[in-house]
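S.K.: This one is entry-v9.cif, mmCIF, C-alpha atoms.
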```
data_run
loop_
_atom_site.label_atom_id
_atom_site.label_comp_id
_atom_site.auth_asym_id
_atom_site.auth_seq_id
_atom_site.Cartn_x
_atom_site.Cartn_y
_atom_site.Cartn_z
CA MET T 1 159.85 56.65 64.83
CA GLY T 2 157.78 54.48 67.17
CA ALA T 3 155.03 55.38 69.59
CA PRO T 4 156.67 55.52 73.02
CA VAL T 5 153.30 55.58 74.77
CA LEU T 6 152.90 51.95 73.71
CA GLY T 7 155.96 50.97 75.69
CA LEU T 8 154.07 50.02 78.83
CA LYS T 9 156.07 48.23 81.48
CA LYS T 10 155.79 44.46 81.55
CA GLU T 11 153.71 44.35 84.73
CA MET T 12 150.88 46.21 82.98
CA TYR T 13 150.39 43.15 80.79
CA ASP T 14 150.54 40.76 83.73
CA ILE T 15 147.37 42.14 85.32
CA LYS T 16 143.83 41.57 84.12
CA GLY T 17 140.55 43.28 84.90
CA GLU T 18 137.64 41.95 86.92
CA THR T 19 135.62 39.38 84.96
CA ALA T 20 132.39 40.24 86.77
CA PHE T 21 132.31 43.63 85.07
CA GLN T 22 132.94 42.05 81.66
CA PHE T 23 129.95 39.73 82.13
CA LEU T 24 127.88 42.66 83.37
CA ALA T 25 128.56 44.54 80.14
CA ILE T 26 127.57 41.53 78.01
CA ALA T 27 124.39 41.01 80.05
CA LYS T 28 123.41 44.67 79.66
CA GLU T 29 123.92 44.45 75.90
CA LEU T 30 121.71 41.34 75.70
CA GLU T 31 119.04 43.11 77.75
CA ARG T 32 119.13 46.06 75.35
CA LYS T 33 118.34 43.56 72.60
CA GLY T 34 115.27 42.38 74.48
CA ARG T 35 116.64 39.32 76.28
CA LYS T 36 115.64 38.65 79.88
CA ILE T 37 118.80 38.09 81.91
CA ILE T 38 119.06 36.91 85.51
CA SER T 39 122.45 37.71 86.94
CA PHE T 40 124.33 35.85 89.65
CA GLY T 41 127.44 37.73 88.61
CA ILE T 42 128.17 40.98 90.38
CA GLY T 43 129.29 41.12 94.01
CA GLN T 44 127.21 44.09 95.07
CA PRO T 45 124.37 44.27 97.62
CA ASP T 46 121.09 45.00 95.85
CA PHE T 47 119.81 47.09 98.77
CA PRO T 48 119.83 50.90 98.64
CA THR T 49 122.20 52.76 100.92
CA PRO T 50 120.24 53.42 104.16
CA LYS T 51 118.49 56.79 104.13
CA HIS T 52 120.23 58.23 107.19
CA ILE T 53 123.60 57.68 105.50
CA VAL T 54 122.45 59.39 102.31
CA GLU T 55 121.03 62.29 104.32
CA ALA T 56 124.35 62.77 106.11
CA ALA T 57 126.12 63.16 102.77
CA ILE T 58 123.47 65.57 101.47
CA GLN T 59 123.72 67.63 104.65
CA ALA T 60 127.50 67.79 104.28
CA LEU T 61 127.12 69.03 100.71
CA ARG T 62 124.60 71.65 101.76
CA GLU T 63 126.96 72.86 104.45
CA GLY T 64 129.73 73.25 101.87
CA PHE T 65 131.88 70.39 103.13
CA THR T 66 133.41 69.87 99.69
CA GLY T 67 137.11 70.72 100.04
CA TYR T 68 140.21 68.70 100.76
CA THR T 69 140.38 66.94 104.13
CA GLU T 70 143.20 65.35 106.06
CA THR T 71 144.78 62.61 103.95
CA ALA T 72 144.12 59.98 106.63
CA GLY T 73 140.48 61.03 106.84
CA ILE T 74 138.79 63.50 109.15
CA PRO T 75 139.34 62.82 112.87
CA GLU T 76 135.65 62.08 113.47
CA LEU T 77 135.68 59.32 110.86
CA ARG T 78 138.83 57.69 112.18
CA GLU T 79 137.40 57.90 115.70
CA ALA T 80 134.21 56.21 114.49
CA ILE T 81 136.17 53.42 112.78
CA ALA T 82 138.27 52.89 115.93
CA TRP T 83 135.08 52.82 118.02
CA TYR T 84 133.56 50.17 115.74
CA LEU T 85 136.63 47.91 115.75
CA ASN T 86 137.21 48.30 119.48
CA SER T 87 133.61 47.82 120.55
CA ARG T 88 133.15 44.77 118.33
CA TYR T 89 136.58 43.12 118.51
CA ASN T 90 138.30 44.73 121.51
CA ALA T 91 141.02 45.52 118.98
CA GLY T 92 142.83 48.30 120.84
CA VAL T 93 142.93 50.51 117.74
CA ASP T 94 143.82 54.20 118.03
CA PRO T 95 142.50 56.68 115.41
CA ASP T 96 146.11 57.46 114.46
CA GLU T 97 146.47 53.82 113.38
CA ILE T 98 143.82 54.20 110.67
CA LEU T 99 144.10 55.46 107.11
CA ALA T 100 140.76 56.06 105.38
CA THR T 101 140.97 55.30 101.65
CA THR T 102 138.94 55.51 98.48
CA GLY T 103 137.56 52.00 98.92
CA ALA T 104 139.06 48.77 100.24
CA LYS T 105 140.84 48.13 96.92
CA THR T 106 142.88 51.28 97.46
CA ALA T 107 143.70 50.05 100.96
CA LEU T 108 144.92 46.74 99.51
CA PHE T 109 147.01 48.57 96.92
CA ILE T 110 148.64 50.84 99.49
CA GLY T 111 149.33 47.94 101.84
CA MET T 112 151.05 45.91 99.15
CA ALA T 113 152.86 48.96 97.77
CA GLY T 114 154.43 49.54 101.15
CA TYR T 115 156.05 46.11 101.38
CA LEU T 116 156.28 44.12 98.16
CA ARG T 117 159.52 44.15 96.21
CA PRO T 118 160.44 42.48 92.91
CA GLY T 119 161.09 38.82 93.60
CA ASP T 120 159.01 38.66 96.78
CA GLU T 121 156.40 35.92 97.07
CA VAL T 122 152.85 36.38 98.33
CA ILE T 123 150.85 33.37 99.46
CA VAL T 124 147.29 33.59 98.15
CA PRO T 125 144.62 30.95 98.87
CA ASP T 126 143.20 29.55 95.63
CA PRO T 127 140.55 30.62 94.70
CA SER T 128 140.58 34.21 95.96
CA TYR T 129 139.52 37.67 94.91
CA TYR T 130 141.46 38.65 91.80
CA ALA T 131 142.88 41.95 93.13
CA TYR T 132 145.33 40.32 95.53
CA ALA T 133 147.29 38.48 92.86
CA MET T 134 147.04 41.27 90.30
CA THR T 135 148.31 43.91 92.72
CA ALA T 136 151.17 41.68 93.83
CA LYS T 137 152.18 41.18 90.20
CA PHE T 138 152.10 44.92 89.56
CA PHE T 139 154.81 45.40 92.18
CA GLY T 140 156.94 42.62 90.71
CA ALA T 141 156.08 40.06 93.36
CA ARG T 142 154.97 36.52 92.58
CA PRO T 143 151.63 35.17 93.81
CA VAL T 144 152.00 31.65 95.18
CA TYR T 145 148.60 29.96 94.97
CA VAL T 146 147.69 27.45 97.64
CA PRO T 147 144.57 25.43 96.76
CA MET T 148 141.88 25.41 99.41
CA LYS T 149 140.26 22.19 100.54
CA PHE T 150 136.74 21.56 99.20
CA GLU T 151 134.24 19.25 100.83
CA PRO T 152 130.84 18.85 99.10
CA GLY T 153 128.05 19.85 101.46
CA TYR T 154 130.47 21.75 103.68
CA GLY T 155 132.44 24.19 101.56
CA PHE T 156 136.03 25.40 101.64
CA SER T 157 138.77 25.57 104.25
CA LEU T 158 142.39 26.69 104.28
CA ASP T 159 145.04 24.05 103.74
CA ILE T 160 147.34 25.05 106.58
CA GLU T 161 149.96 22.39 105.92
CA GLU T 162 150.17 23.33 102.25
CA ILE T 163 150.61 26.98 103.23
CA ARG T 164 153.47 25.99 105.53
CA SER T 165 155.11 24.02 102.73
CA LYS T 166 155.15 27.06 100.42
CA ILE T 167 157.07 29.34 102.79
CA ASN T 168 160.69 30.08 101.90
CA ASP T 169 163.15 32.96 102.22
CA ARG T 170 161.34 34.89 99.47
CA THR T 171 157.94 34.76 101.19
CA ARG T 172 156.92 38.25 102.29
CA MET T 173 153.17 38.16 102.85
CA ILE T 174 150.12 35.93 103.29
CA VAL T 175 146.73 37.25 102.16
CA VAL T 176 143.53 36.10 103.88
CA ASN T 177 140.00 37.21 103.00
CA ASN T 178 137.54 36.18 105.72
CA PRO T 179 134.57 35.76 105.19
CA HIS T 180 135.72 34.65 101.78
CA ASN T 181 135.07 35.75 98.21
CA PRO T 182 134.41 33.77 96.00
CA THR T 183 133.41 30.79 98.15
CA GLY T 184 131.24 32.27 100.91
CA SER T 185 133.21 30.23 103.44
CA ILE T 186 134.25 31.37 106.91
CA PHE T 187 137.57 30.10 108.19
CA THR T 188 137.53 28.66 111.68
CA PRO T 189 139.19 30.44 114.61
CA ASP T 190 141.65 27.53 114.78
CA GLN T 191 142.68 28.07 111.16
CA ILE T 192 143.08 31.83 111.65
CA GLY T 193 145.12 31.16 114.78
CA GLU T 194 147.39 28.79 112.87
CA ILE T 195 147.92 31.38 110.14
CA PHE T 196 148.85 33.92 112.81
CA ASP T 197 151.29 31.42 114.37
CA ILE T 198 152.92 30.91 110.95
CA ALA T 199 153.37 34.67 110.54
CA GLN T 200 154.96 34.95 113.99
CA LYS T 201 157.29 32.02 113.39
CA HIS T 202 158.52 33.27 109.99
CA ASP T 203 158.23 37.07 110.50
CA LEU T 204 155.67 37.45 107.72
CA ILE T 205 153.13 40.17 107.01
CA LEU T 206 149.48 39.17 107.10
CA LEU T 207 147.17 41.17 104.86
CA PHE T 208 143.70 40.49 106.29
CA ASP T 209 140.69 41.62 104.27
CA GLU T 210 137.53 41.44 106.39
CA ILE T 211 135.24 43.48 104.13
CA TYR T 212 132.44 40.90 104.64
CA ASP T 213 132.75 40.77 108.43
CA ASN T 214 129.05 41.53 108.94
CA PHE T 215 127.86 38.94 106.41
CA VAL T 216 127.98 36.05 108.88
CA PHE T 217 125.00 33.67 108.89
CA GLU T 218 125.83 31.44 111.87
CA GLU T 219 126.57 32.80 115.35
CA GLY T 220 130.08 32.12 116.60
CA LYS T 221 131.58 31.06 113.25
CA PHE T 222 133.64 34.19 112.63
CA LYS T 223 136.60 35.46 114.65
CA SER T 224 138.47 38.56 113.51
CA ILE T 225 142.24 38.64 113.32
CA LEU T 226 141.96 41.77 115.49
CA GLU T 227 140.96 39.55 118.41
CA TYR T 228 144.40 37.90 118.60
CA ASP T 229 146.98 39.32 120.99
CA GLY T 230 149.92 40.97 119.26
CA TRP T 231 148.23 41.37 115.87
CA LYS T 232 149.64 44.89 115.34
CA ASP T 233 153.17 43.57 114.80
CA TYR T 234 152.13 41.41 111.83
CA VAL T 235 148.80 42.50 110.37
CA LEU T 236 147.70 44.99 107.75
CA TYR T 237 143.95 45.08 108.33
CA VAL T 238 141.60 46.11 105.51
CA ASN T 239 137.88 46.81 105.70
CA GLY T 240 135.37 49.27 104.29
CA PHE T 241 131.82 50.47 103.87
CA SER T 242 130.86 49.06 100.46
CA LYS T 243 129.29 45.76 101.51
CA THR T 244 128.02 46.29 105.06
CA PHE T 245 126.23 49.54 104.25
CA SER T 246 125.56 48.92 100.55
CA MET T 247 127.87 51.80 99.64
CA THR T 248 129.79 50.25 96.74
CA GLY T 249 129.76 53.40 94.61
CA TRP T 250 130.66 55.72 97.47
CA ARG T 251 134.26 54.37 97.57
CA LEU T 252 135.24 54.46 101.23
CA GLY T 253 137.49 51.94 102.94
CA TYR T 254 140.35 51.86 105.41
CA ILE T 255 143.58 50.16 106.38
CA VAL T 256 144.74 49.69 109.97
CA SER T 257 148.30 49.19 111.18
CA ARG T 258 150.79 50.61 113.66
CA LYS T 259 151.02 54.40 113.70
CA GLU T 260 154.58 54.34 112.33
CA VAL T 261 153.29 52.43 109.29
CA ILE T 262 150.21 54.60 108.79
CA ASP T 263 152.39 57.73 108.82
CA ARG T 264 154.30 56.33 105.83
CA PHE T 265 151.12 55.18 104.12
CA LYS T 266 149.76 58.74 104.43
CA ASP T 267 152.66 60.08 102.37
CA LEU T 268 151.88 57.55 99.64
CA ALA T 269 148.15 58.24 99.83
CA VAL T 270 148.51 62.01 99.48
CA THR T 271 150.72 61.42 96.46
CA VAL T 272 148.11 59.20 94.79
CA TYR T 273 144.67 60.63 95.67
CA SER T 274 145.13 63.48 98.19
CA CYS T 275 142.31 62.38 100.51
CA PRO T 276 139.04 60.45 100.61
CA THR T 277 136.00 62.29 99.25
CA SER T 278 134.97 64.86 101.85
CA PHE T 279 131.20 64.42 102.10
CA VAL T 280 131.47 60.62 101.81
CA GLN T 281 133.46 60.64 105.04
CA LYS T 282 130.51 62.29 106.79
CA ALA T 283 128.30 59.53 105.42
CA GLY T 284 130.74 56.97 106.80
CA ILE T 285 130.40 58.42 110.30
CA ALA T 286 126.61 58.20 110.04
CA ALA T 287 126.91 54.60 108.86
CA LEU T 288 129.01 53.49 111.83
CA LYS T 289 127.40 55.60 114.55
CA GLY T 290 123.82 55.56 113.29
CA ASP T 291 121.02 53.01 113.06
CA TRP T 292 122.27 49.47 112.29
CA GLU T 293 118.79 48.00 111.89
CA PRO T 294 118.89 48.23 108.05
CA VAL T 295 122.15 46.24 108.12
CA ARG T 296 120.66 43.57 110.37
CA ARG T 297 117.62 43.22 108.10
CA MET T 298 119.85 42.95 105.03
CA ILE T 299 121.98 40.22 106.62
CA GLU T 300 118.89 38.20 107.56
CA GLU T 301 117.68 38.50 103.96
CA PHE T 302 121.02 37.30 102.63
CA LYS T 303 120.95 34.34 104.99
CA ALA T 304 117.51 33.37 103.68
CA ARG T 305 118.77 33.74 100.11
CA SER T 306 121.76 31.50 100.80
CA ILE T 307 119.41 28.76 101.99
CA LEU T 308 117.08 29.20 99.01
CA LEU T 309 119.92 29.06 96.47
CA HIS T 310 121.41 25.99 98.10
CA ASP T 311 118.12 24.13 98.31
CA ILE T 312 117.28 24.63 94.64
CA LEU T 313 120.77 24.33 93.17
CA SER T 314 121.28 21.04 94.99
CA GLU T 315 118.92 19.57 92.38
CA ALA T 316 121.19 20.58 89.49
CA TRP T 317 122.97 17.72 87.73
CA GLY T 318 126.72 17.80 88.27
CA PHE T 319 126.68 20.69 90.77
CA GLU T 320 128.35 19.95 94.14
CA THR T 321 126.84 22.54 96.46
CA TYR T 322 126.99 23.64 100.10
CA ARG T 323 125.45 26.29 102.35
CA PRO T 324 127.58 29.47 102.32
CA LEU T 325 128.25 30.67 105.87
CA GLY T 326 129.24 34.22 104.96
CA ALA T 327 129.63 36.92 102.29
CA PHE T 328 127.07 36.38 99.50
CA TYR T 329 128.64 33.82 97.21
CA MET T 330 128.55 30.11 96.43
CA PHE T 331 131.35 28.38 94.51
CA PRO T 332 129.99 24.93 93.57
CA ARG T 333 132.17 22.36 91.86
CA VAL T 334 130.89 21.48 88.37
CA ARG T 335 133.63 19.11 87.21
CA LYS T 336 131.17 16.23 86.78
CA LEU T 337 129.03 18.31 84.40
CA LEU T 338 132.09 19.55 82.51
CA ASP T 339 133.35 16.00 82.04
CA LYS T 340 129.91 14.85 80.89
CA THR T 341 129.55 17.62 78.31
CA GLY T 342 133.19 17.99 77.27
CA MET T 343 133.00 21.73 77.93
CA THR T 344 135.41 24.00 79.73
CA VAL T 345 134.03 26.08 82.56
CA GLU T 346 134.18 29.16 80.32
CA GLU T 347 132.14 27.36 77.66
CA LEU T 348 129.61 26.32 80.29
CA THR T 349 129.13 29.85 81.60
CA ASN T 350 128.82 31.21 78.06
CA LYS T 351 126.21 28.54 77.32
CA LEU T 352 124.23 29.53 80.40
CA LEU T 353 124.41 33.18 79.42
CA TYR T 354 123.61 33.05 75.72
CA ASP T 355 121.24 30.05 75.64
CA TYR T 356 119.55 30.31 79.02
CA GLY T 357 119.89 33.99 80.01
CA ILE T 358 121.77 33.28 83.26
CA VAL T 359 124.96 35.02 84.38
CA VAL T 360 127.36 33.02 86.54
CA LEU T 361 131.10 33.57 86.61
CA PRO T 362 133.59 30.91 85.54
CA GLY T 363 135.85 29.94 88.39
CA THR T 364 138.80 30.92 86.23
CA SER T 365 137.82 34.54 86.90
CA PHE T 366 139.76 34.03 90.10
CA PRO T 367 143.54 33.62 89.70
CA GLY T 368 145.08 30.22 90.22
CA ASN T 369 144.18 26.79 88.88
CA THR T 370 141.37 25.65 91.16
CA GLY T 371 138.66 27.68 89.42
CA ARG T 372 138.59 25.59 86.25
CA ASP T 373 136.37 23.11 88.12
CA TYR T 374 133.98 25.67 89.64
CA VAL T 375 131.54 28.50 88.99
CA ARG T 376 130.71 31.44 91.24
CA LEU T 377 127.18 32.58 91.98
CA SER T 378 126.42 35.79 93.84
CA PHE T 379 123.06 35.76 95.62
CA ALA T 380 122.99 39.55 95.83
CA THR T 381 119.69 39.56 93.97
CA SER T 382 116.04 39.10 94.89
CA LYS T 383 114.55 35.82 96.11
CA GLU T 384 112.35 35.86 93.01
CA ASN T 385 115.41 36.07 90.75
CA ILE T 386 117.20 33.40 92.79
CA GLU T 387 114.29 31.00 92.58
CA GLU T 388 113.71 31.53 88.85
CA GLY T 389 117.39 31.63 87.93
CA ALA T 390 118.39 28.61 90.02
CA ARG T 391 115.55 26.53 88.53
CA ILE T 392 116.74 27.48 85.04
CA ILE T 393 120.25 26.31 86.00
CA VAL T 394 118.77 23.01 87.23
CA LYS T 395 116.94 22.61 83.92
CA ALA T 396 120.02 23.59 81.90
CA SER T 397 122.30 21.19 83.77
CA ARG T 398 119.99 18.26 83.06
CA GLU T 399 119.57 19.17 79.41
CA LEU T 400 123.30 19.67 78.89
CA ALA T 401 124.04 16.37 80.60
CA GLY T 402 121.48 14.62 78.37
CA MET T 403 119.29 13.76 81.35
CA GLY T 404 116.13 15.35 79.95
#
```
Let's see the structure in the file written out as structure tokens.
M.R.:
Amino acid sequence: MGAPVLGLKKEMYDIKGETAFQFLAIAKELERKGRKIISFGIGQPDFPTPKHIVEAAIQALREGFTGYTETAGIPELREAIAWYLNSRYNAGVDPDEILATTGAKTALFIGMAGYLRPGDEVIVPDPSYYAYAMTAKFFGARPVYVPMKFEPGYGFSLDIEEIRSKINDRTRMIVVNNPHNPTGSIFTPDQIGEIFDIAQKHDLILLFDEIYDNFVFEEGKFKSILEYDGWKDYVLYVNGFSKTFSMTGWRLGYIVSRKEVIDRFKDLAVTVYSCPTSFVQKAGIAALKGDWEPVRRMIEEFKARSILLHDILSEAWGFETYRPLGAFYMFPRVRKLLDKTGMTVEELTNKLLYDYGIVVLPGTSFPGNTGRDYVRLSFATSKENIEEGARIIVKASRELAGMG
């Protein structure tokens, strides 16, 4: 007799976990052994959740708001989300077109679950956040990776012509994350417009993840997909509270689409998780409708950090850097250093961790082939850590390259 519980379906072996959390566990173990570790690994704001948001959750608990809620989220929360999207983007969103979820990852999962069939193809810019490709694979679809263009000193952009060349009768969806993880790039309004034109021409679904829409460091660089006429016929829009309000552990996100679609998504959501956490929804209302000054201060701090990291890391041997325009990541090319040392990018990041006490992620943490030439650094850490850690990387790069 065998063990039938070991007979997992094939797709369970096609997906892999998030590398950032694996590096976090290693770093914590080294710290327990007395090592000082500076981490550029985890994509999580290092600011506390603003006090008025915390107080709203505490008040909800005290008032006994701890039971099930509507699956789509309480009306006040959906009204607050609609108010935010409409006041900022003139999006024309109705509360009935919003499904609140247990984080943006759940929103991504539900969006893909609703459309992807075995054999479908999903176009994913390379590199991109790992969850897009992994979720597509889980539903039997095939991620089609389209390398982004890299220009030292500038950063990354979408390769529109390459995206066009990958479209065929199996293409079902294009995924765009803007501002972008892992590169910190912001795609131009022209590029977003061209992606929208492609979707209209080929009747494709656009899954747009704008979780970093407030982490924009240059005025006028970012344009939301919600600002384009007719977006509701093509777009599944994902956003959430984790990054903007430093609420990563609260797990609150949302997906926006036509009401007919959201009604179907609600039936899936109630089957999977019943509803978002009750008192967290009250906190979400306070986040959107309350004082935004803590958010503005945090964004200014992240902008200053992006400049600091760029200025120091530009001195590293074999690192091709640029100023991130959004999110809180840099994805420098390190191919020159890898060729000089004969190391793979995984060997380089392990060397930095174990010999120098610095956590950076290998670019291969992000599905596709592009990442083997890159590393990702998150500057969601203090200026002191950035300055010390970046200078250690500069020193390490020169030593590894034999430059003294």
S.K.: List, as a ChimeraX atom specification, every residue that the PyMOL selection byres ((chain T and resi 283) around 6) selects in the file provided.
M.R.: /T:53,56-57,280-282,284-286
S.K.: Quick one: pull the distance between CA of Arg117 in chain T and CA of Val235 in chain T, Å, one decimal.
M.R.: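 Distance between the two atoms: 17.8 Å.
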S.K.: List the spatial neighbours of range 105-107 of chain T as a PyMOL selection string - criterion: any atom at most 12 Å away, only C-alpha atoms, same-chain residues fewer than 6 positions off excluded.
M.R.: chain T and resi 72+98-99+113-114+129-132+134-135+207-211+236-242+248+251-257+262+265-266+268-269+272-273+275-276
S.K.: Hey, can you check how far CA of Trp83 in chain T sits from CA of Tyr212 in chain T?
M.R.: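 Result for CA of Trp83 in chain T versus CA of Tyr212 in chain T: 18.1 Å, one decimal.
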S.K.: Quick one: apply the PyMOL selection byres ((chain T and resi 127) around 7) to the file and drop the selected residues here as a compact mmCIF listing (two decimals) with C-alpha atoms, in the frame of the given file.
M.R.:
```
# COMPACT_ATOMS: atom_id res chain seq x y z
CA PRO T 125 144.62 30.95 98.87
CA ASP T 126 143.20 29.55 95.63
CA SER T 128 140.58 34.21 95.96
CA PRO T 147 144.57 25.43 96.76
CA PHE T 366 139.76 34.03 90.10
CA PRO T 367 143.54 33.62 89.70
CA GLY T 368 145.08 30.22 90.22
CA THR T 370 141.37 25.65 91.16
CA GLY T 371 138.66 27.68 89.42
```
S.K.: Which residue, T:Pro182, T:Gln191, T:Asp94, T:Phe139, has the smallest gap to Ile160 in chain T when you use only C-alpha atoms?
M.R.: T:Gln191
S.K.: To one decimal in Å, tell me the separation between CA of Glu227 in chain T and CA of Ala199 in chain T.
M.R.: 15.5 Å
S.K.: Find the residue from T:Ala316, T:Thr364, T:Tyr374, T:Ile299 that sits nearest to Leu338 in chain T; use all atoms listed in the file when measuring.
M.R.: T:Tyr374
S.K.: With distances taken over all atoms listed in the file, which residue among T:Arg172, T:Lys166, T:Lys223, T:Lys9 lies nearest Ile192 in chain T?
M.R.: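 Using all atoms listed in the file, the shortest distance to Ile192 in chain T belongs to T:Lys223.
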S.K.: Can you work out which one of T:Val295, T:Val93, T:Ile81, T:Ile123 has the shortest atom-to-atom distance to Pro48 in chain T, counting all atoms listed in the file?
M.R.: T:Val295
S.K.: For the PyMOL selection byres ((chain T and resi 157) around 10), applied here, can you spell out every residue it catches as a PDB file with C-alpha atoms, in the frame of the given file?
M.R.:
```
ATOM      1  CA  PRO T 125     144.620  30.950  98.870  1.00  0.00           C
ATOM      2  CA  PRO T 147     144.570  25.430  96.760  1.00  0.00           C
ATOM      3  CA  MET T 148     141.880  25.410  99.410  1.00  0.00           C
ATOM      4  CA  LYS T 149     140.260  22.190 100.540  1.00  0.00           C
ATOM      5  CA  PHE T 150     136.740  21.560  99.200  1.00  0.00           C
ATOM      6  CA  GLU T 151     134.240  19.250 100.830  1.00  0.00           C
ATOM      7  CA  TYR T 154     130.470  21.750 103.680  1.00  0.00           C
ATOM      8  CA  GLY T 155     132.440  24.190 101.560  1.00  0.00           C
ATOM      9  CA  PHE T 156     136.030  25.400 101.640  1.00  0.00           C
ATOM     10  CA  LEU T 158     142.390  26.690 104.280  1.00  0.00           C
ATOM     11  CA  ASP T 159     145.040  24.050 103.740  1.00  0.00           C
ATOM     12  CA  ILE T 160     147.340  25.050 106.580  1.00  0.00           C
ATOM     13  CA  HIS T 180     135.720  34.650 101.780  1.00  0.00           C
ATOM     14  CA  THR T 183     133.410  30.790  98.150  1.00  0.00           C
ATOM     15  CA  SER T 185     133.210  30.230 103.440  1.00  0.00           C
ATOM     16  CA  ILE T 186     134.250  31.370 106.910  1.00  0.00           C
ATOM     17  CA  PHE T 187     137.570  30.100 108.190  1.00  0.00           C
ATOM     18  CA  THR T 188     137.530  28.660 111.680  1.00  0.00           C
ATOM     19  CA  GLN T 191     142.680  28.070 111.160  1.00  0.00           C
TER      20      GLN T 191
END
```
S.K.: Residues near Tyr234 in chain T, anyone? I mean within 12 Å using only C-alpha atoms, not counting same-chain ones fewer than 5 positions away, as a ChimeraX atom specification.
M.R.: /T:172-175,195-208,225-226,228-229,256-258,261
S.K.: Which residue out of T:Pro50, T:Thr71, T:Leu308, T:Phe328 has the minimum interatomic distance to Asp291 in chain T when all atoms listed in the file are used?
M.R.: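 Closest to Asp291 in chain T, using all atoms listed in the file: T:Pro50.
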